[in-house]
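Notes follow the structure.
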Number of protein chains: 2
Amino acid sequence: MQTIYLDDVLARLRASLEQDDFAGAAAIIEELRPVDQADLFTELDEEDQVSLFSQLNPASSADLLEELEDEEAAELMAALPAAAAARIVAEMEPDEAVDMFGEMEPHQVQAVLSQLADPDEIRPLLLHPEDSAGGLMTVWILALRRRMTVAHALDAIREWQPEDKEIIQYLFVVDKEGKLCGVVSLFKLITSAPQQLVMDVMNPEVISVSVGTDQEECARIMSRYDLLTLPVVDEQGMLLGAITIDDVIDVLEEEATEDIQRFGGASPLDHSYLNTGVAEIARKRIGWLLMLFLTGTLTGTVMRLFEDELMAVVTLSIFIPLLIGTGGNAGSQTTSTIIRALAVGDLEWQDALKAFWHELRTGLILGAGMATVAYLRAVTWGTGVPVALTVALAIMAIVVWANSLGALLPLAAAKLRIDPTVVSGPAMSTLVDATGLFIYFTIARWILGL
Amino acid sequence: MQTIYLDDVLARLRASLEQDDFAGAAAIIEELRPVDQADLFTELDEEDQVSLFSQLNPASSADLLEELEDEEAAELMAALPAAAAARIVAEMEPDEAVDMFGEMEPHQVQAVLSQLADPDEIRPLLLHPEDSAGGLMTVWILALRRRMTVAHALDAIREWQPEDKEIIQYLFVVDKEGKLCGVVSLFKLITSAPQQLVMDVMNPEVISVSVGTDQEECARIMSRYDLLTLPVVDEQGMLLGAITIDDVIDVLEEEATEDIQRFGGASPLDHSYLNTGVAEIARKRIGWLLMLFLTGTLTGTVMRLFEDELMAVVTLSIFIPLLIGTGGNAGSQTTSTIIRALAVGDLEWQDALKAFWHELRTGLILGAGMATVAYLRAVTWGTGVPVALTVALAIMAIVVWANSLGALLPLAAAKLRIDPTVVSGPAMSTLVDATGLFIYFTIARWILGL
């Protein structure tokens, strides 16, 4: 329904643009919510984008830029004179503006900053890495003093007229030196007696993060304690800004995207899929593909080691893809579960033994099941009982081995402070390929008496 | 730091329990934030849990139950008399209570409901599926009337004393019949003139969902439009309740977990990893493992089809695991990227051609790179030029094929309204195994003139 509605607006927008009615097109865009504006905007070709963008008022332009990808936003800004760009930046949330600056040329950023009326809103944010609390926070906050009365606090809030309304639900309280000492909700303020002091109605048990905290850690804290805003402090405990829940949802989504891409065996993309060039995508994948290939050559080594057995019983080779495929699948099932349990905090590396025991038993059940099926399949294919038995025993051993490896490797990575997603599905398959072959041929040698 | 602090509290808690000082233990627990309470609580053995739980006051018990897994919460409740259980349920958020009821025996639920002072808070929620807007919403909301003055609205809010403070940031406005017609923030109310009417300060453009909307759709809407609360209406547009952002973060995390587990080739677990029994984990995995095994037997069929070639040139078999492994890896890289792009809305099935073209070119680049490496590796292994050439050409073709398949299959699934994660990494590997072998032997037959 949403999409149909937007498709309709897009048709009207295109009609206006065809008649070079850019003011009309701007009016159509400005009626929409910012995220919908951005969706339609990216459907237009570049020329129309630039013409249309110059027709929007600074506040609408700012809303739109905040919703576009940083790279696209930077391109639009680069086409504007510095003074016009500065008028738009002044309306943007400082943290979003800084993210966009990250994609612009340094001399462009300097030009825009030099035109800003209040560059100190943004300049401090440029010092923090984009993926830290400092890079994520907004500095548009109103700090209350401990010894203010509730009535004064409400007056201050009424006068403040914040540009971002999200941040107002909880207000942070600082002492004389600017150190964070409490939090109070707007609701609490309006339900308290006007002459009470803020320090008597605030909650002094406020959770905060220091400015260098990794953004994923910030997201985990806010999600764990159901916080709408998270104050950011420096080493002395001075209040610097606050992170809002909408930014954190984006972080959580971004981290899940990176995890899934890594788990698929590729380095995560920096931008959305269709906005990433083919060369860049290939660059993100070739490293892993090569490393897995080189590890995969171990399979050749194992096969040459057992070349005599292969020559003697060519039937053995027919089951190779099936056996190592099943091992890779079992390993991939295990490692995906373990990696996610680590990511959401259900598991820590201290639980390694528990997880290993869990997977060992799961592997035994699955292995027994698969062995039965494999035996029956081999026999119905007309394979003799000795080879069928070899295949069944090998699949059992390989599944147990794959499950154990799939549990232990990500936990070992976590212990070594390596991202556990390096133990991706493809990495598991590749490891199980070579070791699985070794297991298979060893069992064959033993049962077939080769 | 967090963990160290909690470890310390756990030690104190255990000391109290050893001396059978349950009141002291309860006091230690009640000092903590609910989520930390739940973390420590699950570390205790069952007997201590029951003894300790009976010492907590109803409000603390309710907080704790809300943070525990539904299954654990249900077990604790089952040990209590219905009257005591009802006192706790009355303090719980209705949507959380209903989730817990889902894990209790029907006669236990009836017994608790019959003891509740206000069962109508909960009863309507029991009608909605757990994963719909109706199952996710809270009914603890305060609806304002359009023709109220701002002063009256603020009085109503002050009198209301909501049990859940999160919901108060935005207030929904209904008309005479109870139909949703606007939204207004608490901030807007306190900054408006007291004698103004609510309808003149509210925003009439309120986004809402109907009660049957899937929870993932609700989460996408709130994340897309940066909403803190999302009102839920029935078919007539009557306001029924609202979904809060904290519940939505849990939904997003849960969906990402399910996607990663499915992408690893297993059905998602219903509970956290260590709380899921081995038999249950095996049950969630065996179906896929078997299906992939049966699909994998196609590799045997292909190999038997080319048995003469295999007998003639045994060296060919040495490269089999390496070739199909690389194909599976390339396919897994592609499909993970495409699946995630679909999940976050960067791609739709309408973009199938674009994605295919993207991956075809990426596949050509990666395939050319891998072919060069494979050729060199084969030659340094002492393989003759014809077989080395066969391997190089085959790896090129297989990578291009795997990339194309990895792009098109999830998009086709999306078009058919099947969850694209069914095209998991293991599924890709298995499909590429059989087809990759066919490509390899066909090229071998052609180059080696077999």
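Identifiers for the structure tokens are assigned positionally: chains receive A, B, ... in sequence, residues are indexed from 1 per chain, and ligands are indexed from 1 in the order shown.
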For this session: Would you mind listing what lies within 12 Å of Ala85 (chain A) as number ranges by chain, with only C-alpha atoms counted and same-chain residues fewer than 2 positions away left out?
Result: A: 53-54, 57-59, 61-62, 65, 73-83, 87-92, 97, 100-101, 108-116
Exercise. What residues in chain B lie within 7 Å of chain A, counting only C-alpha atoms, written as a PyMOL selection string?
Worked result: chain B and resi 35+158+169+191+223-226+246+249+256-257+260-261+264-266+272-273+278-279+281-282+286+289+293+296-297+299-300+303+318-319+321-322+325-326+329+332-333+336-337+340-341+346+358+361-362+365-366+425-426+430
How would the residues just chosen look if you wrote them out with N, CA and C atoms as a short mmCIF file (atom, residue, chain, number, x, y, z; two decimals), in the first residue's frame?
data_model
loop_
_atom_site.label_atom_id
_atom_site.label_comp_id
_atom_site.auth_asym_id
_atom_site.auth_seq_id
_atom_site.Cartn_x
_atom_site.Cartn_y
_atom_site.Cartn_z
N VAL B 35 16.78 -6.03 34.07
CA VAL B 35 17.49 -6.94 33.17
C VAL B 35 18.68 -7.57 33.89
N ARG B 158 -1.48 14.09 34.28
CA ARG B 158 -0.97 14.11 35.66
C ARG B 158 -1.72 13.11 36.54
N GLN B 169 5.41 9.65 26.08
CA GLN B 169 6.09 10.69 25.30
C GLN B 169 5.21 11.24 24.18
N THR B 191 4.26 23.22 25.74
CA THR B 191 4.66 24.49 25.14
C THR B 191 3.50 25.20 24.44
N SER B 223 11.11 1.84 12.45
CA SER B 223 12.52 2.13 12.18
C SER B 223 12.63 3.12 11.02
N ARG B 224 11.78 2.94 10.00
CA ARG B 224 11.82 3.81 8.83
C ARG B 224 11.46 5.24 9.18
N TYR B 225 10.40 5.43 9.98
CA TYR B 225 9.94 6.77 10.28
C TYR B 225 10.42 7.29 11.63
N ASP B 226 11.37 6.58 12.24
CA ASP B 226 11.92 7.01 13.54
C ASP B 226 10.82 7.28 14.56
N ASP B 246 10.94 -0.11 22.48
CA ASP B 246 11.78 -1.14 23.10
C ASP B 246 11.36 -2.54 22.64
N ILE B 249 12.79 -3.07 19.07
CA ILE B 249 14.22 -3.43 19.01
C ILE B 249 14.37 -4.93 19.23
N ALA B 256 16.77 -10.73 12.99
CA ALA B 256 18.14 -10.88 12.49
C ALA B 256 18.70 -12.24 12.92
N THR B 257 18.39 -12.65 14.15
CA THR B 257 18.84 -13.96 14.63
C THR B 257 18.26 -15.06 13.76
N ILE B 260 19.99 -15.18 10.35
CA ILE B 260 21.34 -15.75 10.37
C ILE B 260 21.27 -17.27 10.54
N GLN B 261 20.36 -17.73 11.40
CA GLN B 261 20.24 -19.18 11.59
C GLN B 261 19.74 -19.85 10.31
N GLY B 264 22.40 -20.01 7.81
CA GLY B 264 23.34 -21.08 8.12
C GLY B 264 22.79 -22.45 7.75
N GLY B 265 21.53 -22.50 7.31
CA GLY B 265 20.96 -23.75 6.84
C GLY B 265 20.18 -24.51 7.91
N ALA B 266 19.64 -23.81 8.90
CA ALA B 266 18.86 -24.47 9.95
C ALA B 266 17.58 -23.68 10.21
N SER B 272 16.70 -19.13 23.51
CA SER B 272 18.12 -18.85 23.42
C SER B 272 18.89 -20.17 23.40
N TYR B 273 20.11 -20.12 22.85
CA TYR B 273 20.86 -21.34 22.52
C TYR B 273 20.99 -22.31 23.68
N VAL B 278 19.22 -30.45 23.28
CA VAL B 278 19.95 -31.04 22.17
C VAL B 278 18.98 -31.66 21.14
N ALA B 279 17.96 -32.36 21.63
CA ALA B 279 17.01 -33.00 20.73
C ALA B 279 16.30 -31.96 19.87
N ILE B 281 17.43 -28.91 19.10
CA ILE B 281 18.38 -28.35 18.13
C ILE B 281 18.52 -29.30 16.94
N ALA B 282 18.65 -30.60 17.23
CA ALA B 282 18.81 -31.59 16.16
C ALA B 282 17.57 -31.57 15.26
N ILE B 286 17.79 -31.24 11.22
CA ILE B 286 17.83 -32.48 10.44
C ILE B 286 17.10 -32.33 9.11
N LEU B 289 19.29 -30.64 6.62
CA LEU B 289 20.46 -31.48 6.37
C LEU B 289 20.08 -32.63 5.42
N PHE B 293 21.16 -33.21 1.63
CA PHE B 293 21.83 -34.47 1.32
C PHE B 293 21.21 -35.09 0.07
N GLY B 296 22.15 -33.26 -2.74
CA GLY B 296 23.57 -33.52 -2.94
C GLY B 296 23.84 -34.83 -3.67
N THR B 297 22.90 -35.78 -3.57
CA THR B 297 23.12 -37.06 -4.27
C THR B 297 23.16 -36.85 -5.78
N THR B 299 25.16 -34.99 -7.14
CA THR B 299 26.59 -35.00 -7.48
C THR B 299 27.01 -36.41 -7.87
N GLY B 300 26.48 -37.40 -7.15
CA GLY B 300 26.79 -38.79 -7.47
C GLY B 300 26.30 -39.14 -8.87
N MET B 303 28.57 -37.62 -11.38
CA MET B 303 29.87 -38.29 -11.43
C MET B 303 29.78 -39.64 -12.12
N ILE B 318 41.07 -35.02 -8.37
CA ILE B 318 41.80 -34.30 -7.33
C ILE B 318 41.31 -32.85 -7.20
N PHE B 319 40.83 -32.27 -8.29
CA PHE B 319 40.41 -30.86 -8.25
C PHE B 319 38.94 -30.68 -7.89
N PRO B 321 36.97 -31.23 -5.10
CA PRO B 321 36.57 -30.48 -3.90
C PRO B 321 36.92 -29.00 -4.01
N LEU B 322 38.07 -28.71 -4.61
CA LEU B 322 38.51 -27.33 -4.72
C LEU B 322 37.57 -26.52 -5.61
N GLY B 325 34.05 -26.32 -4.07
CA GLY B 325 34.17 -25.50 -2.86
C GLY B 325 34.20 -24.02 -3.22
N THR B 326 35.00 -23.65 -4.18
CA THR B 326 35.09 -22.24 -4.59
C THR B 326 33.74 -21.75 -5.12
N ASN B 329 31.50 -21.14 -2.21
CA ASN B 329 31.89 -19.92 -1.49
C ASN B 329 31.42 -18.67 -2.23
N SER B 332 27.72 -18.35 -1.83
CA SER B 332 27.36 -17.97 -0.48
C SER B 332 27.63 -16.48 -0.24
N GLN B 333 28.75 -15.98 -0.77
CA GLN B 333 29.04 -14.54 -0.67
C GLN B 333 27.92 -13.73 -1.32
N SER B 336 24.31 -14.08 0.53
CA SER B 336 24.21 -13.38 1.82
C SER B 336 24.02 -11.89 1.60
N THR B 337 24.72 -11.32 0.63
CA THR B 337 24.57 -9.90 0.35
C THR B 337 23.17 -9.58 -0.16
N ARG B 340 20.39 -9.96 2.60
CA ARG B 340 20.35 -8.87 3.57
C ARG B 340 19.81 -7.59 2.92
N ALA B 341 20.21 -7.36 1.64
CA ALA B 341 19.71 -6.18 0.94
C ALA B 341 18.19 -6.25 0.82
N ASP B 346 16.87 -2.54 0.74
CA ASP B 346 17.72 -1.93 -0.30
C ASP B 346 17.40 -2.50 -1.68
N HIS B 358 24.76 -6.81 -11.98
CA HIS B 358 25.79 -6.52 -10.97
C HIS B 358 26.63 -7.78 -10.70
N ARG B 361 28.83 -9.29 -13.68
CA ARG B 361 30.11 -8.61 -13.87
C ARG B 361 31.07 -8.91 -12.71
N THR B 362 30.51 -8.90 -11.47
CA THR B 362 31.36 -9.27 -10.33
C THR B 362 31.91 -10.67 -10.52
N ILE B 365 34.84 -10.76 -12.96
CA ILE B 365 36.09 -10.27 -12.35
C ILE B 365 36.67 -11.35 -11.42
N LEU B 366 35.82 -11.84 -10.50
CA LEU B 366 36.29 -12.83 -9.53
C LEU B 366 36.72 -14.11 -10.23
N GLY B 425 23.41 -20.31 2.55
CA GLY B 425 24.74 -20.68 2.09
C GLY B 425 24.83 -22.17 1.77
N PRO B 426 24.42 -23.07 2.70
CA PRO B 426 24.46 -24.49 2.40
C PRO B 426 23.64 -24.87 1.16
N THR B 430 25.23 -26.65 -2.14
CA THR B 430 24.73 -27.92 -2.63
C THR B 430 24.31 -27.82 -4.10
#
Problem set entry | Nearby residues (only C-alpha atoms) at most 6 Å from Cys181 (chain B), same-chain spacing under 6 positions excluded, as number ranges by chain | B: 173-174, 204
Exercise. Taking the backbone alone, and naming residues the way the document does, which bits of region 157-351 of chain B are helix (DSSP H, G or I) by DSSP, as a PyMOL selection string?
Worked result: chain B and resi 157-160+165-169+186-190+198-201+215-224+245-263+273-275+278-305+307-312+315-318+320-343+349-351
Exercise. Which neighbours of Leu126 (chain A) fall inside 10 Å, counting only C-alpha atoms, when residues of the same chain fewer than 6 positions from it are skipped, and could you give them as an NGL selection string?
Worked result: :A and (94-95 or 97-99 or 101-102 or 134-135)
Put those residues in a file: N, CA and C atoms, as an mmCIF file, in the first residue's frame.
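Contents of again03.cif, as written:
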data_model
loop_
_atom_site.group_PDB
_atom_site.id
_atom_site.type_symbol
_atom_site.label_atom_id
_atom_site.label_comp_id
_atom_site.auth_asym_id
_atom_site.auth_seq_id
_atom_site.Cartn_x
_atom_site.Cartn_y
_atom_site.Cartn_z
ATOM 1 N N PRO A 94 23.695 17.782 14.022
ATOM 2 C CA PRO A 94 25.156 17.849 13.915
ATOM 3 C C PRO A 94 25.799 16.481 13.620
ATOM 4 N N ASP A 95 25.300 15.405 14.234
ATOM 5 C CA ASP A 95 25.949 14.111 14.004
ATOM 6 C C ASP A 95 25.764 13.643 12.560
ATOM 7 N N ALA A 97 25.379 15.704 9.965
ATOM 8 C CA ALA A 97 26.221 16.575 9.134
ATOM 9 C C ALA A 97 27.655 16.056 9.129
ATOM 10 N N VAL A 98 28.130 15.633 10.297
ATOM 11 C CA VAL A 98 29.510 15.161 10.392
ATOM 12 C C VAL A 98 29.706 13.883 9.582
ATOM 13 N N ASP A 99 28.707 12.992 9.612
ATOM 14 C CA ASP A 99 28.798 11.775 8.794
ATOM 15 C C ASP A 99 28.922 12.134 7.311
ATOM 16 N N PHE A 101 30.097 14.982 6.100
ATOM 17 C CA PHE A 101 31.425 15.581 5.910
ATOM 18 C C PHE A 101 32.473 14.504 5.652
ATOM 19 N N GLY A 102 32.279 13.354 6.274
ATOM 20 C CA GLY A 102 33.236 12.249 6.116
ATOM 21 C C GLY A 102 33.380 11.810 4.665
ATOM 22 N N GLY A 134 31.022 9.290 20.455
ATOM 23 C CA GLY A 134 31.221 10.687 20.091
ATOM 24 C C GLY A 134 30.763 10.993 18.679
ATOM 25 N N GLY A 135 30.902 10.019 17.774
ATOM 26 C CA GLY A 135 30.477 10.230 16.400
ATOM 27 C C GLY A 135 28.974 10.064 16.227
#
For this session: For region 237-240 of chain A, please output as an MDAnalysis selection string all residues within 6 Å (counting only C-alpha atoms; exclusion window: fewer than 3 positions along the same chain).
Result: chainID A and resid 178:180 232:234
Got time to write the residues from that selection, C-alpha atoms, as a compact mmCIF listing (two decimals), in the first residue's frame?
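Below is the file that was written, again.txt:
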# COMPACT_ATOMS: atom_id res chain seq x y z
CA GLY A 178 29.01 20.39 34.16
CA LYS A 179 29.38 16.81 35.38
CA LEU A 180 26.45 14.51 34.70
CA VAL A 232 27.81 10.72 26.56
CA VAL A 233 30.49 12.05 28.92
CA ASP A 234 34.23 12.77 28.73
For this session: Name the residues in contact with Ala27 (chain A) at a cut-off of 12 Å, using only C-alpha atoms, excluding same-chain residues fewer than 2 positions from it; report them as number ranges by chain.
Result: A: 9, 12-13, 16-17, 21-25, 29-32, 37, 52-53, 55-57, 60
Just the selected residues (C-alpha atoms), exported as a PDB file, in the first residue's frame, please.
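After the write, result06.pdb holds the following:
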ATOM      1  CA  VAL A   9       3.586  10.522  -6.059  1.00  0.00           C
ATOM      2  CA  ARG A  12       3.290  13.276 -10.377  1.00  0.00           C
ATOM      3  CA  LEU A  13       6.851  14.309  -9.545  1.00  0.00           C
ATOM      4  CA  SER A  16       6.350  18.216 -13.022  1.00  0.00           C
ATOM      5  CA  LEU A  17      10.015  17.685 -13.823  1.00  0.00           C
ATOM      6  CA  ASP A  21       8.305  22.937 -13.103  1.00  0.00           C
ATOM      7  CA  PHE A  22      10.943  22.580 -10.378  1.00  0.00           C
ATOM      8  CA  ALA A  23       9.042  24.706  -7.867  1.00  0.00           C
ATOM      9  CA  GLY A  24       6.013  22.433  -8.304  1.00  0.00           C
ATOM     10  CA  ALA A  25       8.215  19.364  -7.942  1.00  0.00           C
ATOM     11  CA  ILE A  29       8.557  16.535  -2.306  1.00  0.00           C
ATOM     12  CA  GLU A  30       8.184  18.823   0.702  1.00  0.00           C
ATOM     13  CA  GLU A  31       4.753  17.351   1.511  1.00  0.00           C
ATOM     14  CA  LEU A  32       6.290  13.954   2.218  1.00  0.00           C
ATOM     15  CA  GLN A  37      11.422  12.142   0.131  1.00  0.00           C
ATOM     16  CA  LEU A  52      15.175  19.958  -7.668  1.00  0.00           C
ATOM     17  CA  PHE A  53      17.476  20.138  -4.651  1.00  0.00           C
ATOM     18  CA  GLN A  55      14.526  24.561  -5.089  1.00  0.00           C
ATOM     19  CA  LEU A  56      14.012  23.117  -1.623  1.00  0.00           C
ATOM     20  CA  ASN A  57      14.125  25.377   1.432  1.00  0.00           C
ATOM     21  CA  SER A  60      13.655  20.482   3.805  1.00  0.00           C
TER      22      SER A  60
END
Exercise. What's the 7 Å shell around region 208-214 of chain A, counting only C-alpha atoms, without same-chain residues fewer than 2 positions away, as a count of residues only?
Worked result: 14
Problem set entry | Atomic separation - CA of Glu348 (chain B) relative to CA of Asp8 (chain A), Å |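 We find that CA of Asp8 (chain A) and CA of Glu348 (chain B) lie 17.7 Å from each other.
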Problem set entry | Atomic distance CA of Pro129 (chain B) - CA of Glu93 (chain B), expressed in Å with one decimal |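 A separation of 16.8 Å between them.
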Exercise. Can you tell me how far CA of Ile398 (chain A) sits from CA of Ile447 (chain A), in Å to one decimal?
Worked result: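 We find that CA of Ile398 (chain A) and CA of Ile447 (chain A) lie 16.2 Å from each other.
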